[in-house]
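J.: This is the structure I want to talk about, given as structure tokens.
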Amino acid sequence: MKTVFSPLHAGHGGQMELVAGAIVPGFEKPSRAEIIRKRVESEKLGPILAPEIHDLTAAKRVHAADYIDFLPTVWPQWEAAGKSGSAIPFAWPTRGLRGDVPPRNIEALLGFYSFDGGASFVKGTWDAIKSSYDVALTAAQLVKAGERAAFALCRPPGHHAGAAFMGGYCFINNAAVAAQWFRDQGATRVAVLDVDYHHGNGTQEIFYDRPDIQVINLHGDPMTEYPFFLGHADERGAGAGEGFNLNYPLPFGTSWAKWNEALEDACQKLAAYAPDVVVVSLGVDTFEKDPISQFKLTSADYPKIGARIARLGLPSLFVMEGGYAVDEIGINAVGVLTGFEG
Ligand code: SP5
Ligand code: ZN
């Protein structure tokens with residue numbers, strides 16, 4: 001399997017986040033992608049390719065144009081306002097406030113275009129976001145050109161980013177961009193299978209009223225787990241999209257047996273949908289030693305995930321999402337891919 005990777009991800013480093021009452025270095029850090037890249041090499045998964053550069057047309061097919069146009073301006077605006085450190089919002093237009101008037105202050109704009117303070121900017125963040133997008137589209141092109149599967153080693157991740165908001169370490173929703181790109185290239189139906197520990201709220205929001213893109217999520221129950229405000233089982237899609245969004249919220253402590261039951265049900269529903277291609281939002285923060293998560297998968301489980309996805313017999317695009325246990329993240333992410341290859 002070919003991997004697409006860009007070193008530009010590394011410029012998105014040193015950003016801070018708020019965890020349990022303290023501002024701490026972000027869990028979503030450059031070493032994550034480097035450790036996965038090294039494991040791709042040591043396991044001889046296949047060649048590692050640089051991304052082709054794309055314009056932002058495909059991003060604007062799933063995101064609001066004003067949101068996409070805002071992203072490259074964040075750091076320049078932040079610096080022009082005399083600020084340093086990490087560009088993090090602190091005020092959001094929640095219920096009772098005006099969410100329809102973009103303000104003119106950079107801190108306010110960050111809040112306007114986000115749902116949490118988890119997607120912070122430093123100087124190299126835009127170039128990393130853009131490279132992650134290019135990685136996803138380049139890997140999608142490989143699948144379109146006939147590869148059985150490809151691995152988009154995206155960083156930053158994407159699945160929490162909605163049509164007009166960032167959050168949860170995510171800015172552009174790489175998996176959603178790829179899914180829509182497959183549709184625009186002629187695929188009739190596309191499935192997105194999100195196995196990250198956290199609910200892919202952004203992907204769900206983007207495709208919620210769409211029957212042509214099935215979105216399936218296995219994740220920590222939002223009653224107790226981030227992102228809290230989406231991901232319940234009764235969210236099944238709206239309008240023409242009714243029945244094409246499937247959520248499997250699972251409790252803290254879920255280990256392979258129960259997680260795999262959900263995966264099996266998800267894969268059967270996915271197979272029944274009969275898409276032309278599947279986009280896998282590949283998070284490995286379901287791991288027992290993940291520092292921010294509460295599932296109990298072991299390294300031996302990840303190849304089984306890949307093997308089950310392979311049994312779907314569909315062209316498959318793997319898009320890297322979360323996973324924060326940096327010592328094992330390479331073993332687990334690449335484990336899914338070698339398990340897929342059989
Ligand atoms: C892509 C992805 O996996 N994003 C996850 C964003 C999670 N943000 C919330 C983190 C909350 C961390 N709570 C940590 C407790 C650590 N002891
Ligand atoms: Zn996650």
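Chains: A, B, ... in order of the structure tokens. Residues: from 1 per chain. Ligands: from 1, in order shown.
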Determine, counting only C-alpha atoms, which protein, DNA and RNA residues have an atom within 9 Å of an atom of range 222-226 of chain A; residues of the same chain fewer than 4 positions away are not included. Present the result as a list in words.
T.: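 Contacts, in chain order: Gly168, His198, His199, Leu230, Gly231, His232, Pro249, Leu250, Pro251, Phe252, Ser293 and Gln294 of chain A.
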J.: Find the nearest atom pair between each residue of chain A and ligand 1 for residues within 10 Å, count only C-alpha atoms and all ligand atoms, give distances in Å to one decimal, sort rows by chain and ascending number, and present the table as a tab-separated table.
T.:
```
residue	atom	partner	partner_atom_place_in_ligand_line	distance
A:Glu17	CA	ligand 1	10 (C)	8.6
A:Leu18	CA	ligand 1	11 (C)	8.2
A:Val19	CA	ligand 1	12 (C)	5.7
A:Ala20	CA	ligand 1	15 (C)	6.7
A:Gly26	CA	ligand 1	10 (C)	9.3
A:Phe27	CA	ligand 1	10 (C)	8.3
A:Glu28	CA	ligand 1	4 (N)	7.9
A:Asp116	CA	ligand 1	8 (N)	8.6
A:Gly117	CA	ligand 1	8 (N)	8.8
A:Gly118	CA	ligand 1	8 (N)	6.0
A:Ala119	CA	ligand 1	6 (C)	8.6
A:Arg155	CA	ligand 1	1 (C)	9.5
A:Pro156	CA	ligand 1	1 (C)	8.1
A:Pro157	CA	ligand 1	1 (C)	5.4
A:Gly158	CA	ligand 1	1 (C)	6.5
A:His159	CA	ligand 1	1 (C)	6.3
A:His160	CA	ligand 1	1 (C)	6.5
A:Ala161	CA	ligand 1	1 (C)	9.3
A:Gly167	CA	ligand 1	6 (C)	7.6
A:Gly168	CA	ligand 1	6 (C)	3.8
A:Tyr169	CA	ligand 1	4 (N)	5.4
A:Cys170	CA	ligand 1	1 (C)	6.4
A:Asp196	CA	ligand 1	3 (O)	6.5
A:Tyr197	CA	ligand 1	3 (O)	6.7
A:His198	CA	ligand 1	3 (O)	5.8
A:His199	CA	ligand 1	3 (O)	8.6
A:Gly200	CA	ligand 1	1 (C)	8.2
A:Glu225	CA	ligand 1	11 (C)	8.5
A:Tyr226	CA	ligand 1	9 (C)	5.9
A:Pro227	CA	ligand 1	9 (C)	7.2
A:Phe228	CA	ligand 1	9 (C)	9.9
A:Ser281	CA	ligand 1	1 (C)	9.6
A:Leu282	CA	ligand 1	1 (C)	9.5
A:Gly283	CA	ligand 1	3 (O)	6.7
A:Val284	CA	ligand 1	3 (O)	8.5
A:Asp285	CA	ligand 1	3 (O)	6.7
A:Thr286	CA	ligand 1	3 (O)	9.6
A:Asp290	CA	ligand 1	16 (C)	9.2
A:Pro291	CA	ligand 1	16 (C)	5.9
A:Ile292	CA	ligand 1	14 (C)	4.4
A:Ser293	CA	ligand 1	14 (C)	7.3
A:Gln294	CA	ligand 1	15 (C)	9.5
A:Met320	CA	ligand 1	1 (C)	8.9
A:Glu321	CA	ligand 1	1 (C)	5.1
A:Gly322	CA	ligand 1	3 (O)	3.7
A:Gly323	CA	ligand 1	3 (O)	6.2
A:Tyr324	CA	ligand 1	3 (O)	7.9
```
J.: Using the selection just defined, write its residues with C-alpha atoms as a compact mmCIF listing (two decimals), in the first residue's frame.
T.:
```
# COMPACT_ATOMS: atom_id res chain seq x y z
CA GLU A 17 -4.26 23.42 24.67
CA LEU A 18 -6.42 23.64 27.77
CA VAL A 19 -6.58 20.36 29.71
CA ALA A 20 -8.04 19.98 33.18
CA GLY A 26 -0.83 19.94 22.66
CA PHE A 27 -1.25 16.17 22.64
CA GLU A 28 -1.54 16.44 18.86
CA ASP A 116 -13.81 24.57 21.20
CA GLY A 117 -10.31 25.82 21.97
CA GLY A 118 -8.71 22.62 20.77
CA ALA A 119 -7.57 23.70 17.32
CA ARG A 155 -1.57 15.67 10.18
CA PRO A 156 -3.34 17.69 11.50
CA PRO A 157 -6.38 15.40 11.61
CA GLY A 158 -9.79 16.46 10.30
CA HIS A 159 -12.91 14.69 11.52
CA HIS A 160 -13.98 17.25 14.15
CA ALA A 161 -13.95 20.09 11.58
CA GLY A 167 -12.03 22.16 16.84
CA GLY A 168 -10.54 19.07 18.43
CA TYR A 169 -7.14 19.48 16.69
CA CYS A 170 -8.94 19.64 13.30
CA ASP A 196 -11.41 7.15 15.89
CA TYR A 197 -12.19 7.06 19.62
CA HIS A 198 -13.96 10.41 19.37
CA HIS A 199 -17.15 10.99 17.44
CA GLY A 200 -16.47 12.57 14.05
CA GLU A 225 -16.90 11.85 26.24
CA TYR A 226 -15.68 14.63 23.99
CA PRO A 227 -17.02 16.13 21.73
CA PHE A 228 -20.07 15.77 24.04
CA SER A 281 -11.23 7.90 9.33
CA LEU A 282 -8.40 6.04 11.02
CA GLY A 283 -7.91 7.07 14.62
CA VAL A 284 -6.02 4.77 16.95
CA ASP A 285 -6.90 6.58 20.16
CA THR A 286 -9.07 3.55 21.03
CA ASP A 290 -3.97 6.36 24.88
CA PRO A 291 -3.38 9.34 27.18
CA ILE A 292 -6.72 11.09 26.52
CA SER A 293 -9.09 8.17 25.84
CA GLN A 294 -10.97 5.43 27.66
CA MET A 320 -5.15 9.39 9.60
CA GLU A 321 -7.12 11.01 12.43
CA GLY A 322 -6.26 10.76 16.16
CA GLY A 323 -4.15 8.57 18.44
CA TYR A 324 -1.86 9.99 21.08
```
J.: Record the distance separating CA of Glu341 in chain A and CA of Asn173 in chain A, expressed in Å with one decimal.
T.: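 So the answer is 25.9 Å.
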J.: Closest to Ala58 in chain A among A:Leu317, A:Leu137, A:Val215, A:Val279, using only C-alpha atoms?
T.: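 That would be A:Leu137, the residue with the smallest distance to Ala58 in chain A.
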J.: Which residues, written as an MDAnalysis selection string, have at least one atom at most 9 Å from Val40 in chain A, with only C-alpha atoms counted and residues fewer than 4 positions away on the same chain left out?
T.: chainID A and resid 3 35:36 44:48 330:331 334
J.: Would you give me, as an mmCIF file with N, CA and C atoms, in the first residue's frame, the residues in range 51-189 of chain A that DSSP reads as helix (DSSP H, G or I)?
T.:
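Once written, out27.cif looks like this:
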```cif
data_model
loop_
_atom_site.group_PDB
_atom_site.id
_atom_site.type_symbol
_atom_site.label_atom_id
_atom_site.label_comp_id
_atom_site.auth_asym_id
_atom_site.auth_seq_id
_atom_site.Cartn_x
_atom_site.Cartn_y
_atom_site.Cartn_z
ATOM 1 N N THR A 57 -10.358 24.274 -4.190
ATOM 2 C CA THR A 57 -11.699 23.975 -4.708
ATOM 3 C C THR A 57 -12.350 22.812 -3.973
ATOM 4 N N ALA A 58 -11.608 21.733 -3.788
ATOM 5 C CA ALA A 58 -12.194 20.542 -3.149
ATOM 6 C C ALA A 58 -12.540 20.810 -1.688
ATOM 7 N N ALA A 59 -11.780 21.686 -1.027
ATOM 8 C CA ALA A 59 -12.093 22.039 0.364
ATOM 9 C C ALA A 59 -13.425 22.781 0.433
ATOM 10 N N LYS A 60 -13.642 23.654 -0.555
ATOM 11 C CA LYS A 60 -14.858 24.475 -0.555
ATOM 12 C C LYS A 60 -16.082 23.688 -1.005
ATOM 13 N N ALA A 65 -16.887 28.708 2.046
ATOM 14 C CA ALA A 65 -15.758 29.416 1.426
ATOM 15 C C ALA A 65 -15.144 30.431 2.396
ATOM 16 N N ASP A 66 -15.975 31.128 3.167
ATOM 17 C CA ASP A 66 -15.419 32.156 4.068
ATOM 18 C C ASP A 66 -14.578 31.503 5.168
ATOM 19 N N TYR A 67 -14.959 30.306 5.596
ATOM 20 C CA TYR A 67 -14.173 29.590 6.600
ATOM 21 C C TYR A 67 -12.807 29.192 6.033
ATOM 22 N N ILE A 68 -12.809 28.609 4.845
ATOM 23 C CA ILE A 68 -11.539 28.198 4.223
ATOM 24 C C ILE A 68 -10.652 29.412 3.961
ATOM 25 N N ASP A 69 -11.256 30.508 3.505
ATOM 26 C CA ASP A 69 -10.464 31.714 3.235
ATOM 27 C C ASP A 69 -9.902 32.320 4.519
ATOM 28 N N PHE A 70 -10.580 32.086 5.632
ATOM 29 C CA PHE A 70 -10.116 32.616 6.927
ATOM 30 C C PHE A 70 -8.842 31.910 7.413
ATOM 31 N N LEU A 71 -8.747 30.601 7.181
ATOM 32 C CA LEU A 71 -7.678 29.813 7.821
ATOM 33 C C LEU A 71 -6.263 30.340 7.549
ATOM 34 N N PRO A 72 -5.905 30.647 6.289
ATOM 35 C CA PRO A 72 -4.527 31.137 6.074
ATOM 36 C C PRO A 72 -4.272 32.512 6.671
ATOM 37 N N THR A 73 -5.334 33.239 7.041
ATOM 38 C CA THR A 73 -5.151 34.601 7.566
ATOM 39 C C THR A 73 -4.961 34.620 9.081
ATOM 40 N N VAL A 74 -5.167 33.468 9.729
ATOM 41 C CA VAL A 74 -5.203 33.486 11.198
ATOM 42 C C VAL A 74 -3.868 33.952 11.778
ATOM 43 N N TRP A 75 -2.793 33.292 11.388
ATOM 44 C CA TRP A 75 -1.522 33.648 12.026
ATOM 45 C C TRP A 75 -1.073 35.065 11.657
ATOM 46 N N PRO A 76 -1.177 35.457 10.374
ATOM 47 C CA PRO A 76 -0.851 36.862 10.066
ATOM 48 C C PRO A 76 -1.701 37.859 10.862
ATOM 49 N N GLN A 77 -2.982 37.593 11.027
ATOM 50 C CA GLN A 77 -3.822 38.513 11.814
ATOM 51 C C GLN A 77 -3.401 38.524 13.275
ATOM 52 N N TRP A 78 -3.055 37.324 13.777
ATOM 53 C CA TRP A 78 -2.648 37.192 15.181
ATOM 54 C C TRP A 78 -1.384 38.015 15.439
ATOM 55 N N GLU A 79 -0.405 37.879 14.529
ATOM 56 C CA GLU A 79 0.855 38.632 14.668
ATOM 57 C C GLU A 79 0.615 40.128 14.498
ATOM 58 N N ALA A 80 -0.233 40.477 13.539
ATOM 59 C CA ALA A 80 -0.508 41.905 13.306
ATOM 60 C C ALA A 80 -1.158 42.545 14.531
ATOM 61 N N ILE A 106 -9.436 39.303 15.759
ATOM 62 C CA ILE A 106 -8.960 37.961 15.435
ATOM 63 C C ILE A 106 -9.338 36.938 16.512
ATOM 64 N N GLU A 107 -9.286 37.328 17.776
ATOM 65 C CA GLU A 107 -9.682 36.360 18.810
ATOM 66 C C GLU A 107 -11.169 36.019 18.692
ATOM 67 N N ALA A 108 -11.962 37.017 18.360
ATOM 68 C CA ALA A 108 -13.402 36.789 18.170
ATOM 69 C C ALA A 108 -13.659 35.918 16.946
ATOM 70 N N LEU A 109 -12.906 36.178 15.882
ATOM 71 C CA LEU A 109 -13.077 35.367 14.668
ATOM 72 C C LEU A 109 -12.722 33.905 14.927
ATOM 73 N N LEU A 110 -11.694 33.682 15.733
ATOM 74 C CA LEU A 110 -11.338 32.297 16.066
ATOM 75 C C LEU A 110 -12.510 31.610 16.768
ATOM 76 N N GLY A 111 -13.165 32.335 17.665
ATOM 77 C CA GLY A 111 -14.338 31.765 18.332
ATOM 78 C C GLY A 111 -15.509 31.569 17.368
ATOM 79 N N PHE A 112 -15.673 32.527 16.471
ATOM 80 C CA PHE A 112 -16.760 32.463 15.480
ATOM 81 C C PHE A 112 -16.637 31.216 14.617
ATOM 82 N N THR A 125 1.051 26.554 11.138
ATOM 83 C CA THR A 125 -0.182 25.750 11.147
ATOM 84 C C THR A 125 -0.890 25.738 9.793
ATOM 85 N N TRP A 126 -1.024 26.885 9.152
ATOM 86 C CA TRP A 126 -1.740 26.864 7.870
ATOM 87 C C TRP A 126 -1.039 25.954 6.855
ATOM 88 N N ASP A 127 0.300 26.075 6.767
ATOM 89 C CA ASP A 127 1.012 25.226 5.792
ATOM 90 C C ASP A 127 0.815 23.746 6.128
ATOM 91 N N ALA A 128 0.731 23.414 7.402
ATOM 92 C CA ALA A 128 0.479 22.022 7.793
ATOM 93 C C ALA A 128 -0.939 21.595 7.405
ATOM 94 N N ILE A 129 -1.918 22.454 7.671
ATOM 95 C CA ILE A 129 -3.310 22.151 7.298
ATOM 96 C C ILE A 129 -3.394 21.891 5.794
ATOM 97 N N LYS A 130 -2.773 22.798 5.022
ATOM 98 C CA LYS A 130 -2.825 22.682 3.557
ATOM 99 C C LYS A 130 -2.128 21.406 3.098
ATOM 100 N N SER A 131 -1.015 21.058 3.735
ATOM 101 C CA SER A 131 -0.298 19.839 3.331
ATOM 102 C C SER A 131 -1.127 18.598 3.666
ATOM 103 N N SER A 132 -1.839 18.637 4.782
ATOM 104 C CA SER A 132 -2.667 17.502 5.189
ATOM 105 C C SER A 132 -3.785 17.288 4.166
ATOM 106 N N TYR A 133 -4.374 18.388 3.728
ATOM 107 C CA TYR A 133 -5.398 18.371 2.671
ATOM 108 C C TYR A 133 -4.821 17.812 1.371
ATOM 109 N N ASP A 134 -3.643 18.272 0.996
ATOM 110 C CA ASP A 134 -2.992 17.763 -0.222
ATOM 111 C C ASP A 134 -2.689 16.268 -0.093
ATOM 112 N N VAL A 135 -2.282 15.846 1.090
ATOM 113 C CA VAL A 135 -2.006 14.420 1.332
ATOM 114 C C VAL A 135 -3.282 13.596 1.102
ATOM 115 N N ALA A 136 -4.396 14.057 1.655
ATOM 116 C CA ALA A 136 -5.651 13.308 1.523
ATOM 117 C C ALA A 136 -6.081 13.217 0.061
ATOM 118 N N LEU A 137 -6.008 14.323 -0.652
ATOM 119 C CA LEU A 137 -6.454 14.315 -2.055
ATOM 120 C C LEU A 137 -5.519 13.480 -2.930
ATOM 121 N N THR A 138 -4.229 13.528 -2.649
ATOM 122 C CA THR A 138 -3.279 12.740 -3.443
ATOM 123 C C THR A 138 -3.516 11.249 -3.217
ATOM 124 N N ALA A 139 -3.751 10.867 -1.984
ATOM 125 C CA ALA A 139 -4.030 9.454 -1.691
ATOM 126 C C ALA A 139 -5.372 9.042 -2.313
ATOM 127 N N ALA A 140 -6.338 9.940 -2.306
ATOM 128 C CA ALA A 140 -7.631 9.646 -2.954
ATOM 129 C C ALA A 140 -7.432 9.414 -4.452
ATOM 130 N N GLN A 141 -6.566 10.212 -5.054
ATOM 131 C CA GLN A 141 -6.279 10.037 -6.490
ATOM 132 C C GLN A 141 -5.690 8.657 -6.770
ATOM 133 N N LEU A 142 -4.849 8.163 -5.868
ATOM 134 C CA LEU A 142 -4.268 6.824 -6.057
ATOM 135 C C LEU A 142 -5.367 5.760 -6.085
ATOM 136 N N VAL A 143 -6.327 5.903 -5.177
ATOM 137 C CA VAL A 143 -7.429 4.928 -5.132
ATOM 138 C C VAL A 143 -8.284 5.057 -6.393
ATOM 139 N N LYS A 144 -8.560 6.286 -6.780
ATOM 140 C CA LYS A 144 -9.342 6.507 -8.015
ATOM 141 C C LYS A 144 -8.643 5.897 -9.225
ATOM 142 N N ASN A 174 -10.287 16.339 6.254
ATOM 143 C CA ASN A 174 -9.631 15.645 5.143
ATOM 144 C C ASN A 174 -10.469 14.481 4.617
ATOM 145 N N ALA A 175 -11.066 13.715 5.512
ATOM 146 C CA ALA A 175 -11.869 12.557 5.095
ATOM 147 C C ALA A 175 -13.118 13.018 4.340
ATOM 148 N N ALA A 176 -13.752 14.086 4.817
ATOM 149 C CA ALA A 176 -14.942 14.607 4.133
ATOM 150 C C ALA A 176 -14.573 15.165 2.763
ATOM 151 N N VAL A 177 -13.450 15.865 2.706
ATOM 152 C CA VAL A 177 -12.974 16.371 1.410
ATOM 153 C C VAL A 177 -12.788 15.221 0.434
ATOM 154 N N ALA A 178 -12.146 14.145 0.889
ATOM 155 C CA ALA A 178 -11.884 12.999 0.011
ATOM 156 C C ALA A 178 -13.189 12.328 -0.417
ATOM 157 N N ALA A 179 -14.116 12.171 0.536
ATOM 158 C CA ALA A 179 -15.394 11.522 0.213
ATOM 159 C C ALA A 179 -16.139 12.314 -0.863
ATOM 160 N N GLN A 180 -16.210 13.633 -0.692
ATOM 161 C CA GLN A 180 -16.886 14.473 -1.690
ATOM 162 C C GLN A 180 -16.135 14.447 -3.027
ATOM 163 N N TRP A 181 -14.812 14.416 -2.949
ATOM 164 C CA TRP A 181 -14.002 14.366 -4.180
ATOM 165 C C TRP A 181 -14.311 13.085 -4.964
ATOM 166 N N PHE A 182 -14.456 11.964 -4.271
ATOM 167 C CA PHE A 182 -14.826 10.724 -4.968
ATOM 168 C C PHE A 182 -16.185 10.882 -5.656
ATOM 169 N N ARG A 183 -17.133 11.507 -4.969
ATOM 170 C CA ARG A 183 -18.434 11.756 -5.598
ATOM 171 C C ARG A 183 -18.275 12.620 -6.840
ATOM 172 N N ASP A 184 -17.480 13.665 -6.719
ATOM 173 C CA ASP A 184 -17.305 14.584 -7.847
ATOM 174 C C ASP A 184 -16.556 13.931 -9.001
#
```
